[in-house]
Amino acid sequence: MRGIQKQKLAKKYRNQSFKVGEDNKGNSVKLKMKYYKEYIEYNKDDSPLYVFDGNYGDHRKKCQFLKDYKVPAYFSEDLFHLVGERRRPPYRWVVFGPKRSGTSVHIDPLGTHAWNALVSGYKRWILFPTHTPRWLLKQKLPDSEAVTWFKFVHPQTDDKNWPDDCKPIECLQGPGEMMFVPGGWWHAVLNVSDTVAVTQNYVSSANFGASWHKTARGRPKLSKKWLAQLREHRPDLAKIADETDLSVKLAEQSDSSSNGSTSSSSSSSSSSCSTCFSESEDSRERSRSRKKSESRKKRGKRDMETEGGRKKRYRSKTERDRDSYRNNSSSHSDSWDERGTTNGKSSRRGSSEHSNKDRRREH
């Protein structure tokens with residue numbers, strides 16, 4: 001890393017826009033660096049805006065970030081590069097934000113590993129093993145912000161009822177330090193101070209098995225192009241891909257092995273946490289799917305009824321407008337007929353008098 005300081009960052013990219021979040025419709029919300037710098041200095045938000053920009057490598061000016069750092073040798077193998085920059089999933093981000101910002105508990109997509117290099121500030125990390133049940137970590141909260149998760153869920157990890165083999169690993173990352181996150185591990189991050197960092201996700205030979213399994217099931221078009229490149233450049237991994245049983249559930253697939261062997265941390269048979277909660281987790285999943293299906297049916301029926309009611313109301317209003325228009329038109333015509341009948345002589349007399357005057361003027 002070549003020193004990327006906050007002042008240098010704010011000066012060099014002051015007129016460049018960076019993504020700080022999304023609106024309710026999923027559209028990116030961006031802010032220029034010069035305005036974000038002022039926001040960081042004066043904000044008092046419980047959960048401040050957090051720059052998490054993954055498009056800097058494609059931008060004409062922001063791509064200068066790529067010259068400020070070099071991928072560490074430990075993480076140099078990146079198998080997704082075989083499909084090309086345009087086809088591969090998003091994988092690198094510049095990340096900076098003030099105190100109290102961060103990311104709530106999650107798992108990185110497609111079974112990828114990740115590394116995070118911190119330039120300045122301090123980050124608080126908490127990681128959970130792959131076999132930790134989802135419902136244990138993703139609880140109902142007022143919002144999905146990192147500070148909320150650390151306030152309500154994190155204290156529960158010290159409770160005596162928390163499964164022993166689902167205990168987290170916690171650490172404080174300082175300036176110049178690098179964090180490695182294994183694929184499939186739950187993790188959450190909270191910025192303890194203003195921070196600047198660079199992070200990337202990648203697939204290596206070590207986690208290829210899990211990553212291929214998730215990519216083939218979730219991104220079939222991408223997996224076909226990836227497999228074609230693997231046959232040409234890495235036939236050994238292509239053989240593993242061909243032998244992978246995609247019908248096996250993701251929970252039963254190793255998240256840390258490329259040859260199909262199951263590690264001790266992800267084995268459901270040897271994990272007491274998974275043994276204790278597998279049945280309840282399955283029942284919860286079935287209950288969730290059943291409730292979703294029922295709510296979907298009710299919603300569809302309600303929407304149909306509402307739509308029919310709206311159409312009916314719209315038609316009745318149109319008919320009322322049309323009838324009122326016809327009534328008004330008929331009343332106007334009736335009054336005209338009455339005037340023409342009652343005042344027909346006067347009107348005709350008036351018209352004859354005007355015609356005689358016109359004739360006189362002509363002569």
# chains A, B, ... in the order shown; residues from 1 in each chain; ligands from 1
$ select_by_dssp --residues "stretch 37-268 of chain A" --states "alpha helix (DSSP H)" --output "ChimeraX atom specification"
/A:37-42,134-137,146-152,208-218,220-233,235-243
$ write_last_selection --atoms "N, CA and C atoms" --output "short mmCIF file (atom, residue, chain, number, x, y, z; two decimals), in the first residue's frame"
data_model
loop_
_atom_site.label_atom_id
_atom_site.label_comp_id
_atom_site.auth_asym_id
_atom_site.auth_seq_id
_atom_site.Cartn_x
_atom_site.Cartn_y
_atom_site.Cartn_z
N LYS A 37 -16.73 14.85 2.62
CA LYS A 37 -15.72 15.24 3.60
C LYS A 37 -16.33 16.14 4.67
N GLU A 38 -17.17 17.10 4.25
CA GLU A 38 -17.84 17.97 5.22
C GLU A 38 -18.84 17.17 6.06
N TYR A 39 -19.51 16.23 5.41
CA TYR A 39 -20.48 15.40 6.14
C TYR A 39 -19.79 14.62 7.25
N ILE A 40 -18.63 14.04 6.95
CA ILE A 40 -17.90 13.27 7.96
C ILE A 40 -17.53 14.13 9.15
N GLU A 41 -17.15 15.37 8.89
CA GLU A 41 -16.68 16.24 9.96
C GLU A 41 -17.80 16.68 10.90
N TYR A 42 -19.01 16.85 10.35
CA TYR A 42 -20.08 17.45 11.17
C TYR A 42 -21.25 16.53 11.46
N ARG A 134 -28.53 -19.39 10.53
CA ARG A 134 -28.87 -18.05 10.05
C ARG A 134 -29.78 -17.31 11.02
N TRP A 135 -30.79 -18.02 11.53
CA TRP A 135 -31.77 -17.37 12.40
C TRP A 135 -31.16 -16.89 13.71
N LEU A 136 -30.01 -17.48 14.08
CA LEU A 136 -29.33 -17.07 15.30
C LEU A 136 -28.72 -15.68 15.16
N LEU A 137 -28.33 -15.31 13.93
CA LEU A 137 -27.64 -14.04 13.69
C LEU A 137 -28.54 -13.00 13.04
N ALA A 146 -25.41 -1.63 10.90
CA ALA A 146 -24.39 -2.34 11.67
C ALA A 146 -24.44 -1.97 13.15
N VAL A 147 -24.61 -0.69 13.45
CA VAL A 147 -24.61 -0.25 14.85
C VAL A 147 -25.79 -0.87 15.60
N THR A 148 -26.91 -1.08 14.91
CA THR A 148 -28.07 -1.71 15.54
C THR A 148 -27.79 -3.17 15.86
N TRP A 149 -27.15 -3.87 14.91
CA TRP A 149 -26.83 -5.28 15.14
C TRP A 149 -25.85 -5.42 16.31
N PHE A 150 -24.83 -4.58 16.36
CA PHE A 150 -23.87 -4.65 17.46
C PHE A 150 -24.51 -4.30 18.80
N LYS A 151 -25.55 -3.51 18.79
CA LYS A 151 -26.20 -3.12 20.03
C LYS A 151 -27.11 -4.21 20.58
N PHE A 152 -27.84 -4.90 19.70
CA PHE A 152 -28.87 -5.83 20.15
C PHE A 152 -28.44 -7.30 20.08
N PHE A 208 -12.34 -23.26 -4.16
CA PHE A 208 -12.98 -23.40 -5.45
C PHE A 208 -14.23 -24.29 -5.38
N GLY A 209 -14.17 -25.38 -4.59
CA GLY A 209 -15.29 -26.31 -4.52
C GLY A 209 -16.58 -25.64 -4.10
N ALA A 210 -16.52 -24.88 -3.00
CA ALA A 210 -17.72 -24.21 -2.50
C ALA A 210 -18.15 -23.09 -3.44
N SER A 211 -17.17 -22.36 -3.97
CA SER A 211 -17.51 -21.26 -4.86
C SER A 211 -18.14 -21.76 -6.16
N TRP A 212 -17.61 -22.86 -6.70
CA TRP A 212 -18.19 -23.41 -7.92
C TRP A 212 -19.62 -23.90 -7.68
N HIS A 213 -19.83 -24.56 -6.55
CA HIS A 213 -21.16 -25.07 -6.22
C HIS A 213 -22.19 -23.94 -6.19
N LYS A 214 -21.85 -22.84 -5.53
CA LYS A 214 -22.79 -21.74 -5.40
C LYS A 214 -22.94 -20.97 -6.71
N THR A 215 -21.86 -20.86 -7.47
CA THR A 215 -21.94 -20.16 -8.74
C THR A 215 -22.77 -20.95 -9.75
N ALA A 216 -22.55 -22.26 -9.80
CA ALA A 216 -23.29 -23.10 -10.76
C ALA A 216 -24.78 -23.11 -10.46
N ARG A 217 -25.15 -23.04 -9.18
CA ARG A 217 -26.56 -23.04 -8.81
C ARG A 217 -27.19 -21.65 -8.93
N GLY A 218 -26.42 -20.62 -8.59
CA GLY A 218 -26.98 -19.27 -8.58
C GLY A 218 -26.74 -18.47 -9.84
N PRO A 220 -25.93 -19.71 -13.42
CA PRO A 220 -25.65 -20.78 -14.40
C PRO A 220 -24.95 -20.30 -15.66
N LYS A 221 -25.33 -19.13 -16.18
CA LYS A 221 -24.69 -18.63 -17.40
C LYS A 221 -23.22 -18.31 -17.15
N LEU A 222 -22.96 -17.66 -16.03
CA LEU A 222 -21.58 -17.35 -15.67
C LEU A 222 -20.77 -18.62 -15.46
N SER A 223 -21.37 -19.63 -14.82
CA SER A 223 -20.64 -20.87 -14.53
C SER A 223 -20.26 -21.61 -15.82
N LYS A 224 -21.09 -21.53 -16.85
CA LYS A 224 -20.76 -22.20 -18.12
C LYS A 224 -19.54 -21.55 -18.77
N LYS A 225 -19.50 -20.23 -18.76
CA LYS A 225 -18.34 -19.53 -19.34
C LYS A 225 -17.10 -19.77 -18.49
N TRP A 226 -17.30 -19.83 -17.19
CA TRP A 226 -16.17 -20.08 -16.29
C TRP A 226 -15.61 -21.47 -16.50
N LEU A 227 -16.50 -22.45 -16.64
CA LEU A 227 -16.06 -23.83 -16.84
C LEU A 227 -15.30 -23.99 -18.15
N ALA A 228 -15.73 -23.29 -19.19
CA ALA A 228 -15.03 -23.35 -20.48
C ALA A 228 -13.60 -22.85 -20.34
N GLN A 229 -13.40 -21.78 -19.58
CA GLN A 229 -12.06 -21.25 -19.36
C GLN A 229 -11.24 -22.17 -18.46
N LEU A 230 -11.90 -22.79 -17.50
CA LEU A 230 -11.19 -23.71 -16.61
C LEU A 230 -10.70 -24.94 -17.37
N ARG A 231 -11.47 -25.43 -18.32
CA ARG A 231 -11.04 -26.58 -19.12
C ARG A 231 -9.77 -26.26 -19.90
N GLU A 232 -9.63 -25.02 -20.29
CA GLU A 232 -8.47 -24.61 -21.08
C GLU A 232 -7.26 -24.29 -20.21
N HIS A 233 -7.48 -23.58 -19.08
CA HIS A 233 -6.37 -23.11 -18.27
C HIS A 233 -6.14 -23.91 -16.99
N PRO A 235 -7.42 -27.52 -16.04
CA PRO A 235 -8.18 -28.78 -16.19
C PRO A 235 -8.37 -29.52 -14.89
N ASP A 236 -7.46 -29.34 -13.92
CA ASP A 236 -7.61 -30.02 -12.64
C ASP A 236 -8.85 -29.51 -11.89
N LEU A 237 -9.09 -28.21 -11.96
CA LEU A 237 -10.28 -27.65 -11.31
C LEU A 237 -11.54 -27.94 -12.12
N ALA A 238 -11.40 -28.01 -13.44
CA ALA A 238 -12.55 -28.36 -14.28
C ALA A 238 -13.04 -29.77 -13.95
N LYS A 239 -12.11 -30.65 -13.63
CA LYS A 239 -12.48 -32.02 -13.25
C LYS A 239 -13.28 -32.01 -11.96
N ILE A 240 -12.86 -31.18 -10.99
CA ILE A 240 -13.60 -31.05 -9.73
C ILE A 240 -14.99 -30.50 -9.99
N ALA A 241 -15.09 -29.53 -10.90
CA ALA A 241 -16.40 -28.95 -11.23
C ALA A 241 -17.33 -30.00 -11.84
N ASP A 242 -16.79 -30.85 -12.71
CA ASP A 242 -17.60 -31.89 -13.34
C ASP A 242 -18.09 -32.92 -12.31
N GLU A 243 -17.29 -33.17 -11.28
CA GLU A 243 -17.64 -34.17 -10.29
C GLU A 243 -18.50 -33.63 -9.15
#
$ closest_residue --among "A:Pro72, A:Val51, A:Pro182, A:Gly26" --to "A:Ala206" --atoms "only C-alpha atoms"
A:Pro182
$ residues_around --residues "A:Asp46" --least-positions-apart "3" --cutoff "10 Å" --atoms "only C-alpha atoms" --output "PDB file with N, CA, C and O atoms, in the first residue's frame"
ATOM      1  N   ASN A  43     -21.264  15.315  10.916  1.00  0.00           N
ATOM      2  CA  ASN A  43     -22.441  14.462  11.079  1.00  0.00           C
ATOM      3  C   ASN A  43     -22.563  13.955  12.524  1.00  0.00           C
ATOM      4  O   ASN A  43     -21.576  13.732  13.220  1.00  0.00           O
ATOM      5  N   LEU A  49     -23.648   7.769   6.732  1.00  0.00           N
ATOM      6  CA  LEU A  49     -23.445   7.307   5.362  1.00  0.00           C
ATOM      7  C   LEU A  49     -22.059   6.696   5.228  1.00  0.00           C
ATOM      8  O   LEU A  49     -21.086   7.188   5.798  1.00  0.00           O
ATOM      9  N   LYS A  99     -17.071   7.238  12.129  1.00  0.00           N
ATOM     10  CA  LYS A  99     -17.376   6.414  13.300  1.00  0.00           C
ATOM     11  C   LYS A  99     -18.856   6.040  13.306  1.00  0.00           C
ATOM     12  O   LYS A  99     -19.710   6.825  12.925  1.00  0.00           O
ATOM     13  N   ARG A 100     -19.141   4.800  13.723  1.00  0.00           N
ATOM     14  CA  ARG A 100     -20.484   4.218  13.831  1.00  0.00           C
ATOM     15  C   ARG A 100     -21.017   3.675  12.505  1.00  0.00           C
ATOM     16  O   ARG A 100     -22.073   3.055  12.476  1.00  0.00           O
ATOM     17  N   SER A 101     -20.317   3.901  11.407  1.00  0.00           N
ATOM     18  CA  SER A 101     -20.738   3.286  10.148  1.00  0.00           C
ATOM     19  C   SER A 101     -20.177   1.867  10.074  1.00  0.00           C
ATOM     20  O   SER A 101     -19.315   1.481  10.860  1.00  0.00           O
ATOM     21  N   GLU A 145     -28.936  -1.747  10.103  1.00  0.00           N
ATOM     22  CA  GLU A 145     -27.665  -1.049  10.244  1.00  0.00           C
ATOM     23  C   GLU A 145     -26.704  -1.823  11.148  1.00  0.00           C
ATOM     24  O   GLU A 145     -27.134  -2.555  12.050  1.00  0.00           O
ATOM     25  N   VAL A 147     -24.607  -0.687  13.449  1.00  0.00           N
ATOM     26  CA  VAL A 147     -24.613  -0.252  14.845  1.00  0.00           C
ATOM     27  C   VAL A 147     -25.789  -0.866  15.598  1.00  0.00           C
ATOM     28  O   VAL A 147     -25.679  -1.172  16.798  1.00  0.00           O
ATOM     29  N   THR A 148     -26.910  -1.084  14.912  1.00  0.00           N
ATOM     30  CA  THR A 148     -28.073  -1.714  15.544  1.00  0.00           C
ATOM     31  C   THR A 148     -27.791  -3.174  15.855  1.00  0.00           C
ATOM     32  O   THR A 148     -28.143  -3.672  16.930  1.00  0.00           O
TER      33      THR A 148
END
$ closest_residue --among "A:Ser144, A:Ser295, A:Ser28, A:Asn161" --to "A:Gly54" --atoms "only C-alpha atoms"
A:Ser28
$ select_by_dssp --residues "stretch 72-116 of chain A" --states "strand (DSSP E or B)" --output "list in words"
Arg92, Trp93, Val94, Val95, Phe96, Gly97, Gly102, Thr103, Ser104, Val105, His106, His113, Ala114, Trp115 and Asn116 of chain A
$ write_last_selection --atoms "C-alpha atoms" --output "PDB file, in the first residue's frame"
ATOM      1  CA  ARG A  92     -13.265  -4.824  -5.358  1.00  0.00           C
ATOM      2  CA  TRP A  93     -14.320  -1.739  -3.402  1.00  0.00           C
ATOM      3  CA  VAL A  94     -12.900   1.388  -1.826  1.00  0.00           C
ATOM      4  CA  VAL A  95     -14.433   1.747   1.608  1.00  0.00           C
ATOM      5  CA  PHE A  96     -14.355   4.784   3.856  1.00  0.00           C
ATOM      6  CA  GLY A  97     -16.672   6.163   6.464  1.00  0.00           C
ATOM      7  CA  GLY A 102     -20.172  -0.291   8.972  1.00  0.00           C
ATOM      8  CA  THR A 103     -21.861  -3.413   7.609  1.00  0.00           C
ATOM      9  CA  SER A 104     -24.303  -5.676   9.437  1.00  0.00           C
ATOM     10  CA  VAL A 105     -23.775  -9.441   9.698  1.00  0.00           C
ATOM     11  CA  HIS A 106     -23.645 -11.200   6.321  1.00  0.00           C
ATOM     12  CA  HIS A 113     -12.766 -15.319   0.299  1.00  0.00           C
ATOM     13  CA  ALA A 114     -12.081 -11.667   1.093  1.00  0.00           C
ATOM     14  CA  TRP A 115      -9.252  -9.472   2.284  1.00  0.00           C
ATOM     15  CA  ASN A 116      -9.523  -5.983   3.751  1.00  0.00           C
TER      16      ASN A 116
END
$ residues_around --residues "A:Ser76" --least-positions-apart "5" --cutoff "12 Å" --atoms "only C-alpha atoms" --output "VMD selection string"
chain A and resid 70 to 71 81 113 to 115 200 to 205
$ write_last_selection --atoms "all heavy atoms" --output "mmCIF file, in the first residue's frame"
data_model
loop_
_atom_site.group_PDB
_atom_site.id
_atom_site.type_symbol
_atom_site.label_atom_id
_atom_site.label_comp_id
_atom_site.auth_asym_id
_atom_site.auth_seq_id
_atom_site.Cartn_x
_atom_site.Cartn_y
_atom_site.Cartn_z
ATOM 1 N N LYS A 70 -1.347 -2.572 -4.285
ATOM 2 C CA LYS A 70 -1.046 -3.799 -5.015
ATOM 3 C C LYS A 70 -1.629 -4.979 -4.250
ATOM 4 O O LYS A 70 -1.532 -5.038 -3.016
ATOM 5 C CB LYS A 70 0.471 -3.969 -5.165
ATOM 6 C CG LYS A 70 0.874 -5.175 -5.998
ATOM 7 C CD LYS A 70 2.391 -5.249 -6.127
ATOM 8 C CE LYS A 70 2.799 -6.465 -6.958
ATOM 9 N NZ LYS A 70 4.288 -6.568 -7.068
ATOM 10 N N VAL A 71 -2.254 -5.905 -4.962
ATOM 11 C CA VAL A 71 -2.850 -7.073 -4.312
ATOM 12 C C VAL A 71 -1.748 -7.887 -3.632
ATOM 13 O O VAL A 71 -0.739 -8.221 -4.263
ATOM 14 C CB VAL A 71 -3.594 -7.953 -5.331
ATOM 15 C CG1 VAL A 71 -4.146 -9.209 -4.665
ATOM 16 C CG2 VAL A 71 -4.715 -7.164 -5.991
ATOM 17 N N HIS A 81 -10.865 -14.232 -12.619
ATOM 18 C CA HIS A 81 -10.310 -13.369 -13.665
ATOM 19 C C HIS A 81 -10.333 -14.062 -15.026
ATOM 20 O O HIS A 81 -10.224 -13.410 -16.070
ATOM 21 C CB HIS A 81 -8.872 -12.968 -13.313
ATOM 22 C CG HIS A 81 -7.837 -13.959 -13.776
ATOM 23 N ND1 HIS A 81 -7.559 -15.115 -13.073
ATOM 24 C CD2 HIS A 81 -7.040 -13.988 -14.883
ATOM 25 C CE1 HIS A 81 -6.626 -15.792 -13.718
ATOM 26 N NE2 HIS A 81 -6.301 -15.138 -14.815
ATOM 27 N N HIS A 113 -13.579 -15.871 -0.787
ATOM 28 C CA HIS A 113 -12.766 -15.319 0.299
ATOM 29 C C HIS A 113 -12.698 -13.809 0.133
ATOM 30 O O HIS A 113 -13.045 -13.271 -0.929
ATOM 31 C CB HIS A 113 -11.345 -15.881 0.256
ATOM 32 C CG HIS A 113 -11.246 -17.336 0.605
ATOM 33 N ND1 HIS A 113 -12.118 -17.974 1.453
ATOM 34 C CD2 HIS A 113 -10.335 -18.279 0.214
ATOM 35 C CE1 HIS A 113 -11.771 -19.248 1.582
ATOM 36 N NE2 HIS A 113 -10.698 -19.458 0.827
ATOM 37 N N ALA A 114 -12.232 -13.118 1.179
ATOM 38 C CA ALA A 114 -12.081 -11.667 1.093
ATOM 39 C C ALA A 114 -10.893 -11.216 1.921
ATOM 40 O O ALA A 114 -10.539 -11.856 2.922
ATOM 41 C CB ALA A 114 -13.351 -10.965 1.565
ATOM 42 N N TRP A 115 -10.271 -10.132 1.472
ATOM 43 C CA TRP A 115 -9.252 -9.472 2.284
ATOM 44 C C TRP A 115 -9.582 -7.992 2.369
ATOM 45 O O TRP A 115 -10.177 -7.410 1.457
ATOM 46 C CB TRP A 115 -7.841 -9.696 1.737
ATOM 47 C CG TRP A 115 -7.607 -9.232 0.311
ATOM 48 C CD1 TRP A 115 -7.689 -9.980 -0.808
ATOM 49 C CD2 TRP A 115 -7.219 -7.914 -0.102
ATOM 50 N NE1 TRP A 115 -7.403 -9.230 -1.912
ATOM 51 C CE2 TRP A 115 -7.103 -7.953 -1.511
ATOM 52 C CE3 TRP A 115 -6.956 -6.730 0.570
ATOM 53 C CZ2 TRP A 115 -6.742 -6.830 -2.262
ATOM 54 C CZ3 TRP A 115 -6.609 -5.606 -0.174
ATOM 55 C CH2 TRP A 115 -6.488 -5.666 -1.566
ATOM 56 N N GLN A 200 -11.181 -6.667 -1.380
ATOM 57 C CA GLN A 200 -11.462 -7.447 -2.574
ATOM 58 C C GLN A 200 -11.932 -8.847 -2.201
ATOM 59 O O GLN A 200 -11.509 -9.406 -1.181
ATOM 60 C CB GLN A 200 -10.222 -7.561 -3.472
ATOM 61 C CG GLN A 200 -9.872 -6.289 -4.201
ATOM 62 C CD GLN A 200 -8.848 -6.509 -5.315
ATOM 63 O OE1 GLN A 200 -8.330 -5.553 -5.884
ATOM 64 N NE2 GLN A 200 -8.578 -7.748 -5.639
ATOM 65 N N ASN A 201 -12.800 -9.395 -3.038
ATOM 66 C CA ASN A 201 -13.234 -10.789 -2.929
ATOM 67 C C ASN A 201 -12.579 -11.591 -4.042
ATOM 68 O O ASN A 201 -12.376 -11.071 -5.142
ATOM 69 C CB ASN A 201 -14.747 -10.890 -3.029
ATOM 70 C CG ASN A 201 -15.458 -10.413 -1.777
ATOM 71 O OD1 ASN A 201 -15.269 -9.279 -1.338
ATOM 72 N ND2 ASN A 201 -16.281 -11.252 -1.201
ATOM 73 N N TYR A 202 -12.295 -12.861 -3.770
ATOM 74 C CA TYR A 202 -11.591 -13.659 -4.769
ATOM 75 C C TYR A 202 -11.892 -15.138 -4.550
ATOM 76 O O TYR A 202 -12.370 -15.561 -3.489
ATOM 77 C CB TYR A 202 -10.086 -13.402 -4.707
ATOM 78 C CG TYR A 202 -9.417 -13.945 -3.474
ATOM 79 C CD1 TYR A 202 -8.744 -15.167 -3.494
ATOM 80 C CD2 TYR A 202 -9.473 -13.256 -2.262
ATOM 81 C CE1 TYR A 202 -8.137 -15.684 -2.361
ATOM 82 C CE2 TYR A 202 -8.873 -13.754 -1.128
ATOM 83 C CZ TYR A 202 -8.211 -14.969 -1.180
ATOM 84 O OH TYR A 202 -7.623 -15.482 -0.045
ATOM 85 N N VAL A 203 -11.574 -15.929 -5.582
ATOM 86 C CA VAL A 203 -11.708 -17.385 -5.514
ATOM 87 C C VAL A 203 -10.336 -17.974 -5.804
ATOM 88 O O VAL A 203 -9.704 -17.644 -6.814
ATOM 89 C CB VAL A 203 -12.725 -17.910 -6.540
ATOM 90 C CG1 VAL A 203 -12.797 -19.439 -6.476
ATOM 91 C CG2 VAL A 203 -14.094 -17.313 -6.287
ATOM 92 N N SER A 204 -9.874 -18.854 -4.926
ATOM 93 C CA SER A 204 -8.596 -19.536 -5.121
ATOM 94 C C SER A 204 -8.842 -21.039 -5.193
ATOM 95 O O SER A 204 -9.965 -21.510 -5.073
ATOM 96 C CB SER A 204 -7.633 -19.204 -3.975
ATOM 97 O OG SER A 204 -8.121 -19.744 -2.750
ATOM 98 N N SER A 205 -7.763 -21.791 -5.355
ATOM 99 C CA SER A 205 -7.891 -23.247 -5.389
ATOM 100 C C SER A 205 -8.423 -23.786 -4.065
ATOM 101 O O SER A 205 -9.071 -24.838 -4.031
ATOM 102 C CB SER A 205 -6.531 -23.882 -5.700
ATOM 103 O OG SER A 205 -6.038 -23.413 -6.946
#
$ closest_residue --among "A:Lys249, A:Lys34, A:His154, A:Lys25" --to "A:Tyr13" --atoms "only C-alpha atoms"
A:Lys34
$ atom_distance --atom1 "atom CA of A:Lys8" --atom2 "atom CA of A:Val192"
21.4 Å
$ closest_residue --among "A:Pro142, A:Gly21, A:Pro133, A:Pro48" --to "A:Trp162" --atoms "only C-alpha atoms"
A:Pro133
$ atom_distance --atom1 "atom CA of A:Gly121" --atom2 "atom CA of A:Phe18"
19.5 Å
$ atom_distance --atom1 "atom CA of A:Thr195" --atom2 "atom CA of A:Val153"
23.6 Å
$ decode --residues "stretch 191-229 of chain A" --atoms "C-alpha atoms" --output "PDB file, in the first residue's frame"
ATOM      1  CA  ASN A 191     -15.967   1.511  12.291  1.00  0.00           C
ATOM      2  CA  VAL A 192     -14.654   2.661  15.665  1.00  0.00           C
ATOM      3  CA  SER A 193     -13.206   5.813  14.078  1.00  0.00           C
ATOM      4  CA  ASP A 194     -13.000   7.446  10.646  1.00  0.00           C
ATOM      5  CA  THR A 195     -11.585   4.818   8.303  1.00  0.00           C
ATOM      6  CA  VAL A 196     -10.184   4.380   4.788  1.00  0.00           C
ATOM      7  CA  ALA A 197      -9.802   0.856   3.409  1.00  0.00           C
ATOM      8  CA  VAL A 198      -9.579  -1.250   0.257  1.00  0.00           C
ATOM      9  CA  THR A 199     -11.175  -4.684   0.015  1.00  0.00           C
ATOM     10  CA  GLN A 200     -11.462  -7.447  -2.574  1.00  0.00           C
ATOM     11  CA  ASN A 201     -13.234 -10.789  -2.929  1.00  0.00           C
ATOM     12  CA  TYR A 202     -11.591 -13.659  -4.769  1.00  0.00           C
ATOM     13  CA  VAL A 203     -11.708 -17.385  -5.514  1.00  0.00           C
ATOM     14  CA  SER A 204      -8.596 -19.536  -5.121  1.00  0.00           C
ATOM     15  CA  SER A 205      -7.891 -23.247  -5.389  1.00  0.00           C
ATOM     16  CA  ALA A 206      -8.563 -23.512  -1.644  1.00  0.00           C
ATOM     17  CA  ASN A 207     -12.221 -22.476  -1.845  1.00  0.00           C
ATOM     18  CA  PHE A 208     -12.977 -23.405  -5.453  1.00  0.00           C
ATOM     19  CA  GLY A 209     -15.295 -26.313  -4.521  1.00  0.00           C
ATOM     20  CA  ALA A 210     -17.720 -24.208  -2.501  1.00  0.00           C
ATOM     21  CA  SER A 211     -17.515 -21.256  -4.863  1.00  0.00           C
ATOM     22  CA  TRP A 212     -18.189 -23.412  -7.922  1.00  0.00           C
ATOM     23  CA  HIS A 213     -21.157 -25.073  -6.219  1.00  0.00           C
ATOM     24  CA  LYS A 214     -22.786 -21.735  -5.397  1.00  0.00           C
ATOM     25  CA  THR A 215     -21.945 -20.157  -8.743  1.00  0.00           C
ATOM     26  CA  ALA A 216     -23.285 -23.105 -10.758  1.00  0.00           C
ATOM     27  CA  ARG A 217     -26.565 -23.043  -8.814  1.00  0.00           C
ATOM     28  CA  GLY A 218     -26.976 -19.271  -8.582  1.00  0.00           C
ATOM     29  CA  ARG A 219     -25.313 -17.993 -11.768  1.00  0.00           C
ATOM     30  CA  PRO A 220     -25.650 -20.778 -14.395  1.00  0.00           C
ATOM     31  CA  LYS A 221     -24.691 -18.628 -17.397  1.00  0.00           C
ATOM     32  CA  LEU A 222     -21.576 -17.353 -15.673  1.00  0.00           C
ATOM     33  CA  SER A 223     -20.641 -20.868 -14.532  1.00  0.00           C
ATOM     34  CA  LYS A 224     -20.762 -22.197 -18.118  1.00  0.00           C
ATOM     35  CA  LYS A 225     -18.345 -19.531 -19.339  1.00  0.00           C
ATOM     36  CA  TRP A 226     -16.175 -20.075 -16.286  1.00  0.00           C
ATOM     37  CA  LEU A 227     -16.060 -23.831 -16.837  1.00  0.00           C
ATOM     38  CA  ALA A 228     -15.032 -23.353 -20.476  1.00  0.00           C
ATOM     39  CA  GLN A 229     -12.057 -21.253 -19.360  1.00  0.00           C
TER      40      GLN A 229
END
